[in-house]
Structure formats: structure tokens, C-alpha cells
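All remarks here apply to the structure that follows.
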Amino acid sequence: MISPTDTAALIESAPMHGVDQATVFREWMLLVLRHGVSGTGTKPRPDLERVLEGIADLLRAHAPPWKKVPDIIRGAMEGRGWAWNGIYVRRGERLELFCAAGPPVCHVLERRGGPGTSGMCWDALLMNQTVSAADVKAWPGYVSCDGESGLQTRAGLVCPIRGAGGRPLAVWDLDATLPLEAAETAFCDALFATLSVLLEPEPSVFD
């Protein structure tokens with residue numbers, strides 16, 4: 001995984017002074033996609049490239065992109081089993097659904113305690129790091145929304161969305177009906193770390 005500090009340092013050191021956010025985002029994410037986090041070449045992934053190009057288009061519109069991100073991701077990745085994805089925002093001791101693409105799911109996730117007690121979304125936020133599970137039902141404190149959505153969730157992935165100073169404000173959550181590949185997890189980790197660094201969202205953008 002690429003840490004928020006690494007992402008910030010690499011973006012700031014890139015020779016892109018005076019270039020708009022969309023271009024910085026696109027060029028950095030293309031590097032991640034084509035060379036991976038280890039610097040070794042990876043197979044082309046047109047589906048993931050469609051995700052980054054769609055989000056780059058949102059950034060060019062100079063409006064907060066968050067509400068439309070889930071639709072772009074599901075449109076590009078549904079064929080890979082990415083059946084539902086959405087953004088939950090922290091409101092005190094609750095995570096409330098801000099936006100999503102896919103069947104109806106849990107709208108509120110209550111915190112029961114520290115990491116390992118309240119499910120993947122709370123764990124990602126409390127630990128301020130991406131978490132993934134090949135078998136979501138084995139995750140400590142797992143919270144299932146399959147009864148509401150009708151999905152048969154197999155794998156899960158949750159990435160923090162950070163504001164100024166790297167403080168997590170929200171999480172992006174994925175429910176997948178097929179296994180996730182390591183490259184997909186690394187791509188999403190870099191995607192939301194990069195958006196967080198570039199946009200430094202305030203809590204008000206999730207109102």
C-alpha cells in the first residue's frame with residue numbers, strides 16, 4: 001500500500017507545477033496503474049483506467065466529485081463483481097451513508113467500541129488505513145447488509161477519505177461478489193489517498 005505521506009510527497013515532488021488537479025490526479029494514477037506500488041510493470045487494466053479517467057473528468061468540472069464517484073466505479077467494475085460501493089461519513093459515533101451505487105444497504109453503522117468490534121468501515125476509519133477481506137464474514141465484528149441489499153457479498157474493501165492533516169472524515173466501502181485482486185486493492189488505496197491529498201475535503205462537502 002502507498003501511505004498518505006508517500007502519496008503527498010510524490011505528488012508534491014512531481015514536475016507539474018501550475019498544472020490543474022485533474023492532470024496531476026490522472027498522471028499520478030496512471031503511474032500507479034501501470035507500474036504498481038512496487039515499481040514493477042503490471043498488465044493493462046482498461047476497467048481501472050476507466051475509473052481514473054472518469055474521476056479526472058469530475059475534477060475538471062471543478063466541483064466536489066464525491067457524490068458521483070460510486071457511479072463511476074460501479075459502471076466500470078460491475079463486471080468484476082463490484083456490486084455495490086458507497087461513501088459513509090462519520091457523524092459522532094455513527095457512520096452515515098452519504099452516497100452509493102447499487103442495491104439499498106445499511107444507512108447507518110453504529111460504533112460499538114475500538115477496532116475489531118464494529119466492522120470493516122469503522123476499522124478503516126479508526127486505524128486510518130485501507131482494510132480488505134477475502135471473506136467478509138470472517139472479519140471481526142462484521143456488519144452484514146446483505147439482507148437489505150439482496151447481495152451475496154464475498155470480499156470487501158474499505159479506504160479512508162482524509163481531510164486536512166490526514167484526519168479521516170469518511171470511508172469508501174466496496175461489497176464484491178467475486179474475489180478481489182491485489183492490484184485492485186492497491187489501486188483503490190492509492191485512488192482515495194490521492195483524492196484526499198489533492199482535495200483536502202472539509203466535513204461540509206459531505207452535508
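Order determines the names: the first chain of the C-alpha cells is A, the second B, and so forth; residues in each chain are numbered 1 upward, and ligands are numbered 1 upward as they are shown.
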
Test item: residues at most 8 Å from range 80-87 of chain A, only C-alpha atoms, excluding those fewer than 2 positions along its chain, as a PyMOL selection string = chain A and resi 70+73-74+77-78+89+97-103+151+170-179

Given the selection you just returned, output its residues as a file containing C-alpha atoms, formatted as a compact mmCIF listing (two decimals), in the first residue's frame.
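In the end it all went to again_15.txt:
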# COMPACT_ATOMS: atom_id res chain seq x y z
CA PRO A 70 -19.55 5.47 -6.71
CA ILE A 73 -16.67 2.91 -10.08
CA ARG A 74 -19.71 0.64 -10.41
CA MET A 77 -16.24 -2.50 -12.40
CA GLU A 78 -19.64 -4.20 -12.11
CA VAL A 89 -19.37 9.81 6.64
CA LEU A 97 -24.37 6.71 4.17
CA PHE A 98 -23.65 9.78 2.03
CA CYS A 99 -23.94 8.30 -1.47
CA ALA A 100 -23.81 4.90 -3.12
CA ALA A 101 -24.24 2.93 -6.34
CA GLY A 102 -26.02 -0.41 -6.14
CA PRO A 103 -28.88 -2.02 -4.20
CA LEU A 151 -26.29 -9.29 -2.41
CA ALA A 170 -15.28 9.27 5.82
CA VAL A 171 -14.71 5.90 4.18
CA TRP A 172 -15.33 4.43 0.76
CA ASP A 173 -16.78 0.93 1.07
CA LEU A 174 -16.91 -1.85 -1.55
CA ASP A 175 -19.03 -5.02 -1.44
CA ALA A 176 -17.87 -7.52 -4.06
CA THR A 177 -19.42 -10.84 -5.07
CA LEU A 178 -16.15 -12.08 -6.60
CA PRO A 179 -12.60 -12.19 -5.17

Give me the residues within 7 Å of Gly116 in chain A as a CSV table (one decimal) with N, CA and C atoms, in the first residue's frame, counting only C-alpha atoms and dropping any in the same chain fewer than 4 places off.
chain,number,residue,atom,x,y,z
A,123,ASP,N,-13.3,0.0,11.3
A,123,ASP,CA,-11.9,-0.3,11.5
A,123,ASP,C,-11.0,0.6,10.6
A,140,PRO,N,-13.6,-9.6,12.1
A,140,PRO,CA,-14.1,-9.4,13.4
A,140,PRO,C,-15.2,-8.2,13.5
A,141,GLY,N,-16.3,-8.5,14.1
A,141,GLY,CA,-17.4,-7.5,14.2
A,141,GLY,C,-18.1,-7.2,12.9

Between CA of Arg91 in chain A and CA of Ala133 in chain A, what is the distance, to one decimal in Å?
->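 According to the coordinates, CA of Arg91 in chain A and CA of Ala133 in chain A are separated by 24.8 Å.
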
Which neighbours of Pro168 in chain A fall inside 10 Å, counting only C-alpha atoms, when residues of the same chain fewer than 2 positions from it are skipped, and could you give them as an NGL selection string?
-> :A and (89-90 or 124-129 or 159-166 or 170-171 or 196 or 201)

Can I get the selected residues back with C-alpha atoms, as a short mmCIF file (atom, residue, chain, number, x, y, z; two decimals), in the first residue's frame?
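This went into out_38.cif:
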data_model
loop_
_atom_site.label_atom_id
_atom_site.label_comp_id
_atom_site.auth_asym_id
_atom_site.auth_seq_id
_atom_site.Cartn_x
_atom_site.Cartn_y
_atom_site.Cartn_z
CA VAL A 89 -19.37 9.81 6.64
CA ARG A 90 -18.58 9.99 10.33
CA ALA A 124 -10.61 1.56 8.38
CA LEU A 125 -11.63 4.90 9.89
CA LEU A 126 -10.30 4.26 13.40
CA MET A 127 -6.99 2.87 12.14
CA ASN A 128 -6.85 5.41 9.28
CA GLN A 129 -5.82 2.77 6.78
CA CYS A 159 -10.49 3.05 2.08
CA PRO A 160 -10.35 6.15 4.32
CA ILE A 161 -11.15 9.59 2.90
CA ARG A 162 -8.98 12.11 4.73
CA GLY A 163 -9.26 15.83 5.28
CA ALA A 164 -6.61 18.40 6.15
CA GLY A 165 -3.76 16.94 8.16
CA GLY A 166 -4.65 13.40 7.11
CA ALA A 170 -15.28 9.27 5.82
CA VAL A 171 -14.71 5.90 4.18
CA SER A 196 -7.66 13.14 -0.17
CA PRO A 201 -12.11 17.82 1.89
#

Those of range 72-127 of chain A in DSSP helix (DSSP H, G or I), formatted as a short mmCIF file (atom, residue, chain, number, x, y, z; two decimals) with C-alpha atoms, in the first residue's frame:
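Saved the output as states.cif:
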data_model
loop_
_atom_site.label_atom_id
_atom_site.label_comp_id
_atom_site.auth_asym_id
_atom_site.auth_seq_id
_atom_site.Cartn_x
_atom_site.Cartn_y
_atom_site.Cartn_z
CA ILE A 72 -18.21 5.81 -11.99
CA ILE A 73 -16.67 2.91 -10.08
CA ARG A 74 -19.71 0.64 -10.41
CA GLY A 75 -20.12 1.45 -14.10
CA ALA A 76 -16.55 0.40 -14.83
CA MET A 77 -16.24 -2.50 -12.40
CA GLU A 78 -19.64 -4.20 -12.11
CA GLY A 79 -18.46 -6.97 -14.44
CA ARG A 80 -15.73 -7.78 -11.91
CA MET A 120 -14.63 -3.05 8.37
CA CYS A 121 -15.79 0.53 7.83
CA TRP A 122 -15.16 1.56 11.42
CA ASP A 123 -11.86 -0.30 11.47
CA ALA A 124 -10.61 1.56 8.38
CA LEU A 125 -11.63 4.90 9.89
CA LEU A 126 -10.30 4.26 13.40
CA MET A 127 -6.99 2.87 12.14
#

Among range 3-207 of chain A, which ones does DSSP place in strand (DSSP E or B), written as a PyMOL selection string?
-> chain A and resi 82-91+94-101+108-110+131-133+155-162+168-176

Nearby residues (only C-alpha atoms) at most 7 Å from Gln21 in chain A, same-chain spacing under 2 positions excluded, as a tab-separated table (two decimals) with C-alpha atoms, in the first residue's frame:
chain	number	residue	atom	x	y	z
A	19	VAL	CA	-0.88	22.07	-13.68
A	23	THR	CA	-3.97	16.39	-14.70
A	24	VAL	CA	-1.99	15.74	-11.51
A	25	PHE	CA	-4.51	13.12	-10.48
A	59	LEU	CA	-12.11	17.08	-11.25
A	198	LEU	CA	-5.41	16.85	-3.69

Which residue gives the smallest distance to His107 in chain A among A:Trp66, A:Ile55, A:Gly156, A:Ser149, with only C-alpha atoms counted?
-> A:Ser149

Shell around Asp135 in chain A at 8 Å using only C-alpha atoms, local window under 3 positions removed, as a ChimeraX atom specification | /A:138-139,154-156

At what distance in Å, to one decimal, does CA of Glu200 in chain A lie from CA of Val143 in chain A?
->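 It comes out at 28.7 Å.
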